[in-house]
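Following: one structure in C-alpha cells, then a few remarks.
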Amino acid sequence: MTIKKVLIDLSGTLHIEDYAIPGAVEALKKLRNAKVEIKFVTNTTKESRRILYERLKKLGFELNIDEIWSSLWAARSLISDQKLAPLLLVDNHALEDFSEVSTSERKHDSVVIGLAPEHFHYDKLNEAFRLLKSGAKLIAIHQARYYKSPSGLSLGPGLFVKGLEYAADCKAFVVGKPSADFFKAALGDTDTSEAVMIGDDARDDIGGAQAIGIKGILVKTGKYKEGDEKLIDPHPAYTVDDFPKAVDVILNNL
C-alpha cells in the first residue's frame, strides 16, 4: 500500500471516555514517527472539539487541535454556509462549537440533532417535529445506532433521527460518518487510494471510508461485536484486535 494519510476514529478506537485503549498512546507515537499525515475523524457530539482535545491530551495522546475533524464542525460549516437559524438538539458540552451560529430572534428554519439525551424528551422532540412539518430542514450530525460507554452499549442519535423522519415525513441530511463529503473534507488533497481509515464501527467508519476508495482497518474494541466485519461489502481490508495492531499493519505495509 502507498499510504500518505491515516484517518483515525476516536471513541472506541483510541479511548473509551476517560480510558485510553491499552497501548494506543505508544502506537500513535510510532505512527507519527513514520511521517504519515494524521487526521482524527469523529462523530462524537457529546462534547466540543476543545473539550475532546483536552481529554485526549490528559490521556497522554500527542495531537494538535486542528488535527481533529468532527461531525460537529461539519455541521457548523453547513449551518454557516447556508445561513441557517437552527434548533440545536446537541449536548450542552458541544454548544461552544456553535458559538458563531446566529442567536437572533429569527424563526428556526432547521433542526440539528446529535447525541443529546437531555433533549430527547417529548416536549423538545415535539417542538422539532412541528418545525419539520412546517418545512424546516432536518440535519443529523450523525445517525449512529449505538456507541460504547463505560456502562456498556448505549443508544445513539440514529433512533431519534429516524423517528423524526418517520413522523414528519422528511429525510435528514447527514453530515458525519459515513457521509462521503465528511471523509473527503478530512482527506483534503490526499487521494483516496493513498489513505487508510482505522475505526471500531464497521458501517460508519469502515463502510463509509471504503465506499469512496479508502482502505479500512476495523478494530475489535469499542462498539465492535463479533461478526461486524461481515456486515459490510466489501469486508474491511483488515480486521485486527486493537489500534496498536492496526498501526503494525500500516507500518508493515509502508
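By convention here, the chains of the C-alpha cells are called A, B, ... in the order presented, each chain's residues are numbered starting at 1, and ligands are numbered starting at 1 in the order presented.
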Looking only at the backbone, which of the residues in segment 23-241 of chain A does DSSP tag as alpha helix (DSSP H), as a ChimeraX atom specification? /A:24-33,49-58,71-82,122-133,158-168,180-187,208-210
Find the spatial neighbours of segment 184-191 of chain A, counting only C-alpha atoms, within a cut-off of 9 Å - ignore same-chain residues fewer than 4 positions away - and output them as a list of chain:residue names. A:Lys4, A:Lys5, A:Val6, A:Leu7, A:Lys39, A:Phe40, A:Val41, A:Ile68, A:Trp69, A:Ala74, A:Ser179, A:Ala180, A:Ala195, A:Ile212, A:Gly213, A:Ile214
Among segment 71-247 of chain A, which ones does DSSP assign to strand (DSSP E) (computed from the backbone)? Answer as number ranges by chain. A: 86-89, 110-113, 137-140, 146-149, 152-155, 173-174, 195-199, 215-219, 238-240
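Contact shell of Ala136 of chain A at 12 Å (only C-alpha atoms; same-chain neighbours under 2 positions omitted): Leu84, Ala85, Pro86, Leu87, Lys107, His108, Asp109, Ser110, Val111, Val112, Glu127, Ala128, Phe129, Arg130, Leu131, Leu132, Lys133, Ser134, Leu138, Ile139, Leu164, Glu165, Ala168, Asp169, Cys170, Lys171, Ala172 and Phe173 of chain A.
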Keeping only N, CA and C atoms, write those residues as a PDB file, in the first residue's frame.
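Output below, filename selection-v4.pdb:
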```
ATOM      1  N   LEU A  84     -28.278  29.290   8.180  1.00  0.00           N
ATOM      2  CA  LEU A  84     -29.451  28.738   8.841  1.00  0.00           C
ATOM      3  C   LEU A  84     -29.600  29.264  10.265  1.00  0.00           C
ATOM      4  N   ALA A  85     -30.819  29.185  10.773  1.00  0.00           N
ATOM      5  CA  ALA A  85     -31.127  29.523  12.164  1.00  0.00           C
ATOM      6  C   ALA A  85     -31.697  28.266  12.812  1.00  0.00           C
ATOM      7  N   PRO A  86     -30.830  27.379  13.319  1.00  0.00           N
ATOM      8  CA  PRO A  86     -31.287  26.054  13.739  1.00  0.00           C
ATOM      9  C   PRO A  86     -31.773  25.965  15.179  1.00  0.00           C
ATOM     10  N   LEU A  87     -32.657  24.991  15.393  1.00  0.00           N
ATOM     11  CA  LEU A  87     -32.936  24.497  16.729  1.00  0.00           C
ATOM     12  C   LEU A  87     -31.881  23.437  16.985  1.00  0.00           C
ATOM     13  N   LYS A 107     -36.907  33.005  13.225  1.00  0.00           N
ATOM     14  CA  LYS A 107     -37.605  31.745  13.419  1.00  0.00           C
ATOM     15  C   LYS A 107     -36.710  30.588  12.988  1.00  0.00           C
ATOM     16  N   HIS A 108     -36.727  29.507  13.741  1.00  0.00           N
ATOM     17  CA  HIS A 108     -35.921  28.340  13.380  1.00  0.00           C
ATOM     18  C   HIS A 108     -36.333  27.818  12.006  1.00  0.00           C
ATOM     19  N   ASP A 109     -35.342  27.612  11.150  1.00  0.00           N
ATOM     20  CA  ASP A 109     -35.609  27.076   9.817  1.00  0.00           C
ATOM     21  C   ASP A 109     -34.979  25.698   9.632  1.00  0.00           C
ATOM     22  N   SER A 110     -34.449  25.142  10.715  1.00  0.00           N
ATOM     23  CA  SER A 110     -33.796  23.836  10.634  1.00  0.00           C
ATOM     24  C   SER A 110     -33.715  23.234  12.031  1.00  0.00           C
ATOM     25  N   VAL A 111     -33.525  21.918  12.049  1.00  0.00           N
ATOM     26  CA  VAL A 111     -33.321  21.183  13.293  1.00  0.00           C
ATOM     27  C   VAL A 111     -32.017  20.413  13.156  1.00  0.00           C
ATOM     28  N   VAL A 112     -31.085  20.653  14.073  1.00  0.00           N
ATOM     29  CA  VAL A 112     -29.798  19.951  14.066  1.00  0.00           C
ATOM     30  C   VAL A 112     -29.786  19.006  15.255  1.00  0.00           C
ATOM     31  N   GLU A 127     -41.362  19.775  19.645  1.00  0.00           N
ATOM     32  CA  GLU A 127     -41.015  21.081  19.072  1.00  0.00           C
ATOM     33  C   GLU A 127     -40.280  20.901  17.747  1.00  0.00           C
ATOM     34  N   ALA A 128     -39.336  19.966  17.733  1.00  0.00           N
ATOM     35  CA  ALA A 128     -38.604  19.684  16.497  1.00  0.00           C
ATOM     36  C   ALA A 128     -39.545  19.152  15.425  1.00  0.00           C
ATOM     37  N   PHE A 129     -40.441  18.257  15.787  1.00  0.00           N
ATOM     38  CA  PHE A 129     -41.403  17.685  14.846  1.00  0.00           C
ATOM     39  C   PHE A 129     -42.246  18.775  14.199  1.00  0.00           C
ATOM     40  N   ARG A 130     -42.746  19.722  14.990  1.00  0.00           N
ATOM     41  CA  ARG A 130     -43.598  20.780  14.450  1.00  0.00           C
ATOM     42  C   ARG A 130     -42.833  21.684  13.492  1.00  0.00           C
ATOM     43  N   LEU A 131     -41.571  21.950  13.812  1.00  0.00           N
ATOM     44  CA  LEU A 131     -40.756  22.740  12.891  1.00  0.00           C
ATOM     45  C   LEU A 131     -40.582  22.015  11.556  1.00  0.00           C
ATOM     46  N   LEU A 132     -40.304  20.715  11.634  1.00  0.00           N
ATOM     47  CA  LEU A 132     -40.095  19.933  10.414  1.00  0.00           C
ATOM     48  C   LEU A 132     -41.367  19.862   9.581  1.00  0.00           C
ATOM     49  N   LYS A 133     -42.513  19.739  10.225  1.00  0.00           N
ATOM     50  CA  LYS A 133     -43.782  19.709   9.497  1.00  0.00           C
ATOM     51  C   LYS A 133     -44.083  21.057   8.850  1.00  0.00           C
ATOM     52  N   SER A 134     -43.444  22.111   9.368  1.00  0.00           N
ATOM     53  CA  SER A 134     -43.633  23.451   8.795  1.00  0.00           C
ATOM     54  C   SER A 134     -42.615  23.755   7.699  1.00  0.00           C
ATOM     55  N   LEU A 138     -34.041  18.990   8.318  1.00  0.00           N
ATOM     56  CA  LEU A 138     -33.536  18.111   9.372  1.00  0.00           C
ATOM     57  C   LEU A 138     -32.094  17.763   9.058  1.00  0.00           C
ATOM     58  N   ILE A 139     -31.191  18.154   9.953  1.00  0.00           N
ATOM     59  CA  ILE A 139     -29.758  17.904   9.778  1.00  0.00           C
ATOM     60  C   ILE A 139     -29.287  16.991  10.902  1.00  0.00           C
ATOM     61  N   LEU A 164     -37.946  11.104  13.879  1.00  0.00           N
ATOM     62  CA  LEU A 164     -38.376  12.389  13.344  1.00  0.00           C
ATOM     63  C   LEU A 164     -38.621  12.300  11.836  1.00  0.00           C
ATOM     64  N   GLU A 165     -37.776  11.552  11.139  1.00  0.00           N
ATOM     65  CA  GLU A 165     -38.005  11.348   9.703  1.00  0.00           C
ATOM     66  C   GLU A 165     -39.379  10.717   9.469  1.00  0.00           C
ATOM     67  N   ALA A 168     -42.379  13.209  10.654  1.00  0.00           N
ATOM     68  CA  ALA A 168     -42.525  14.428   9.849  1.00  0.00           C
ATOM     69  C   ALA A 168     -42.490  14.163   8.348  1.00  0.00           C
ATOM     70  N   ASP A 169     -42.319  12.895   7.964  1.00  0.00           N
ATOM     71  CA  ASP A 169     -42.281  12.509   6.556  1.00  0.00           C
ATOM     72  C   ASP A 169     -41.230  13.330   5.795  1.00  0.00           C
ATOM     73  N   CYS A 170     -40.012  13.291   6.326  1.00  0.00           N
ATOM     74  CA  CYS A 170     -38.915  14.035   5.718  1.00  0.00           C
ATOM     75  C   CYS A 170     -37.669  13.162   5.702  1.00  0.00           C
ATOM     76  N   LYS A 171     -36.600  13.683   5.135  1.00  0.00           N
ATOM     77  CA  LYS A 171     -35.334  12.955   5.070  1.00  0.00           C
ATOM     78  C   LYS A 171     -34.235  13.818   5.643  1.00  0.00           C
ATOM     79  N   ALA A 172     -33.454  13.252   6.557  1.00  0.00           N
ATOM     80  CA  ALA A 172     -32.370  14.007   7.185  1.00  0.00           C
ATOM     81  C   ALA A 172     -31.165  14.095   6.259  1.00  0.00           C
ATOM     82  N   PHE A 173     -30.472  15.220   6.327  1.00  0.00           N
ATOM     83  CA  PHE A 173     -29.178  15.372   5.671  1.00  0.00           C
ATOM     84  C   PHE A 173     -28.122  15.039   6.713  1.00  0.00           C
TER      85      PHE A 173
END
```
Give me, as a PyMOL selection string, all polymer residues having an atom no more than 8 Å from Leu115 of chain A, counting only C-alpha atoms and skipping those fewer than 2 positions away in the same chain. chain A and resi 45-46+89-91+113+117+156-157
Taking into account only C-alpha atoms, which residue in the set A:Pro22, A:Leu63, A:Ile206, A:Glu37 is nearest to Asp233 of chain A? A:Ile206
With the cut-off set at 12 Å and counting only C-alpha atoms, tabulate each residue of segment 133-174 of chain A with an atom at most that distance from an atom of segment 70-73 of chain A, showing the nearest atom pair and its distance in Å to one decimal, ordered by chain and increasing number, as JSON lines.
```
{"residue": "A:Ile139", "atom": "CA", "partner": "A:Leu72", "partner_atom": "CA", "distance": 11.1}
{"residue": "A:Ala140", "atom": "CA", "partner": "A:Ser71", "partner_atom": "CA", "distance": 9.3}
{"residue": "A:Ile141", "atom": "CA", "partner": "A:Ser71", "partner_atom": "CA", "distance": 5.7}
{"residue": "A:His142", "atom": "CA", "partner": "A:Ser71", "partner_atom": "CA", "distance": 7.1}
{"residue": "A:Gln143", "atom": "CA", "partner": "A:Ser71", "partner_atom": "CA", "distance": 10.8}
{"residue": "A:Ala144", "atom": "CA", "partner": "A:Ser71", "partner_atom": "CA", "distance": 11.8}
{"residue": "A:Val174", "atom": "CA", "partner": "A:Ser71", "partner_atom": "CA", "distance": 9.2}
```
Could you list, as number ranges by chain, every residue within 8 Å of Lys215 of chain A, counting only C-alpha atoms and ignoring same-chain residues fewer than 4 positions away? A: 193, 195-197, 206, 209-210, 236-237
Segment 219-222 of chain A: which residues within 9 Å, counting only C-alpha atoms, same-chain residues fewer than 4 positions away excluded, as a PyMOL selection string? chain A and resi 11-16+21+147-149+153+198-202+226+238-243+245-246
Store the residues of this selection in a file with N, CA and C atoms, as a PDB file, in the first residue's frame.
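Contents of the output file selection-v3.pdb:
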```
ATOM      1  N   SER A  11     -13.461   7.760  19.777  1.00  0.00           N
ATOM      2  CA  SER A  11     -14.156   6.985  20.792  1.00  0.00           C
ATOM      3  C   SER A  11     -14.321   5.538  20.347  1.00  0.00           C
ATOM      4  N   GLY A  12     -13.829   4.621  21.171  1.00  0.00           N
ATOM      5  CA  GLY A  12     -13.895   3.208  20.865  1.00  0.00           C
ATOM      6  C   GLY A  12     -12.672   2.685  20.141  1.00  0.00           C
ATOM      7  N   THR A  13     -11.891   3.592  19.579  1.00  0.00           N
ATOM      8  CA  THR A  13     -10.689   3.208  18.829  1.00  0.00           C
ATOM      9  C   THR A  13      -9.425   3.608  19.585  1.00  0.00           C
ATOM     10  N   LEU A  14      -9.346   4.874  19.987  1.00  0.00           N
ATOM     11  CA  LEU A  14      -8.219   5.339  20.803  1.00  0.00           C
ATOM     12  C   LEU A  14      -8.557   5.333  22.290  1.00  0.00           C
ATOM     13  N   HIS A  15      -9.821   5.578  22.608  1.00  0.00           N
ATOM     14  CA  HIS A  15     -10.203   5.680  24.023  1.00  0.00           C
ATOM     15  C   HIS A  15     -11.675   5.344  24.186  1.00  0.00           C
ATOM     16  N   ILE A  16     -12.079   5.095  25.421  1.00  0.00           N
ATOM     17  CA  ILE A  16     -13.481   4.991  25.807  1.00  0.00           C
ATOM     18  C   ILE A  16     -13.653   5.902  27.009  1.00  0.00           C
ATOM     19  N   ILE A  21      -7.340   3.153  25.169  1.00  0.00           N
ATOM     20  CA  ILE A  21      -7.192   1.754  24.792  1.00  0.00           C
ATOM     21  C   ILE A  21      -5.747   1.348  25.096  1.00  0.00           C
ATOM     22  N   TYR A 147     -23.316   3.421  20.685  1.00  0.00           N
ATOM     23  CA  TYR A 147     -21.902   3.681  20.939  1.00  0.00           C
ATOM     24  C   TYR A 147     -21.508   2.969  22.228  1.00  0.00           C
ATOM     25  N   LYS A 148     -20.200   2.914  22.486  1.00  0.00           N
ATOM     26  CA  LYS A 148     -19.712   2.229  23.682  1.00  0.00           C
ATOM     27  C   LYS A 148     -19.464   3.243  24.785  1.00  0.00           C
ATOM     28  N   SER A 149     -20.115   3.050  25.925  1.00  0.00           N
ATOM     29  CA  SER A 149     -19.896   3.877  27.111  1.00  0.00           C
ATOM     30  C   SER A 149     -19.333   2.986  28.209  1.00  0.00           C
ATOM     31  N   LEU A 153     -22.980  -0.806  25.888  1.00  0.00           N
ATOM     32  CA  LEU A 153     -23.512  -0.195  24.677  1.00  0.00           C
ATOM     33  C   LEU A 153     -24.712   0.678  25.022  1.00  0.00           C
ATOM     34  N   ILE A 198      -8.978   3.883  10.256  1.00  0.00           N
ATOM     35  CA  ILE A 198      -8.996   2.949  11.383  1.00  0.00           C
ATOM     36  C   ILE A 198     -10.191   3.286  12.262  1.00  0.00           C
ATOM     37  N   GLY A 199     -11.051   2.294  12.523  1.00  0.00           N
ATOM     38  CA  GLY A 199     -12.208   2.561  13.366  1.00  0.00           C
ATOM     39  C   GLY A 199     -12.841   1.310  13.918  1.00  0.00           C
ATOM     40  N   ASP A 200     -13.760   1.495  14.887  1.00  0.00           N
ATOM     41  CA  ASP A 200     -14.431   0.366  15.539  1.00  0.00           C
ATOM     42  C   ASP A 200     -15.843   0.139  15.030  1.00  0.00           C
ATOM     43  N   ASP A 201     -16.320   1.003  14.130  1.00  0.00           N
ATOM     44  CA  ASP A 201     -17.674   0.910  13.600  1.00  0.00           C
ATOM     45  C   ASP A 201     -17.609   0.414  12.157  1.00  0.00           C
ATOM     46  N   ALA A 202     -18.070  -0.831  11.930  1.00  0.00           N
ATOM     47  CA  ALA A 202     -17.952  -1.425  10.603  1.00  0.00           C
ATOM     48  C   ALA A 202     -18.704  -0.612   9.550  1.00  0.00           C
ATOM     49  N   GLU A 226     -18.676  -9.335  17.665  1.00  0.00           N
ATOM     50  CA  GLU A 226     -18.209 -10.451  16.841  1.00  0.00           C
ATOM     51  C   GLU A 226     -19.047 -10.574  15.566  1.00  0.00           C
ATOM     52  N   TYR A 238      -8.611  -5.062   6.545  1.00  0.00           N
ATOM     53  CA  TYR A 238      -8.044  -5.809   7.674  1.00  0.00           C
ATOM     54  C   TYR A 238      -9.000  -5.700   8.854  1.00  0.00           C
ATOM     55  N   THR A 239      -9.074  -6.753   9.650  1.00  0.00           N
ATOM     56  CA  THR A 239      -9.760  -6.726  10.939  1.00  0.00           C
ATOM     57  C   THR A 239      -8.754  -7.185  11.988  1.00  0.00           C
ATOM     58  N   VAL A 240      -8.471  -6.314  12.959  1.00  0.00           N
ATOM     59  CA  VAL A 240      -7.416  -6.598  13.935  1.00  0.00           C
ATOM     60  C   VAL A 240      -7.942  -6.368  15.348  1.00  0.00           C
ATOM     61  N   ASP A 241      -7.161  -6.794  16.326  1.00  0.00           N
ATOM     62  CA  ASP A 241      -7.614  -6.741  17.716  1.00  0.00           C
ATOM     63  C   ASP A 241      -7.817  -5.326  18.234  1.00  0.00           C
ATOM     64  N   ASP A 242      -6.876  -4.413  17.908  1.00  0.00           N
ATOM     65  CA  ASP A 242      -6.947  -3.082  18.503  1.00  0.00           C
ATOM     66  C   ASP A 242      -6.114  -2.097  17.696  1.00  0.00           C
ATOM     67  N   PHE A 243      -6.073  -0.847  18.166  1.00  0.00           N
ATOM     68  CA  PHE A 243      -5.357   0.211  17.457  1.00  0.00           C
ATOM     69  C   PHE A 243      -3.862  -0.088  17.302  1.00  0.00           C
ATOM     70  N   LYS A 245      -2.438  -2.904  16.902  1.00  0.00           N
ATOM     71  CA  LYS A 245      -2.307  -3.885  15.833  1.00  0.00           C
ATOM     72  C   LYS A 245      -2.564  -3.223  14.469  1.00  0.00           C
ATOM     73  N   ALA A 246      -3.481  -2.276  14.423  1.00  0.00           N
ATOM     74  CA  ALA A 246      -3.756  -1.561  13.176  1.00  0.00           C
ATOM     75  C   ALA A 246      -2.528  -0.769  12.736  1.00  0.00           C
TER      76      ALA A 246
END
```
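Across A:Leu155, A:Ala24, A:Leu251, A:Leu231, the tightest approach to Glu62 of chain A is made by A:Ala24 when counting only C-alpha atoms.
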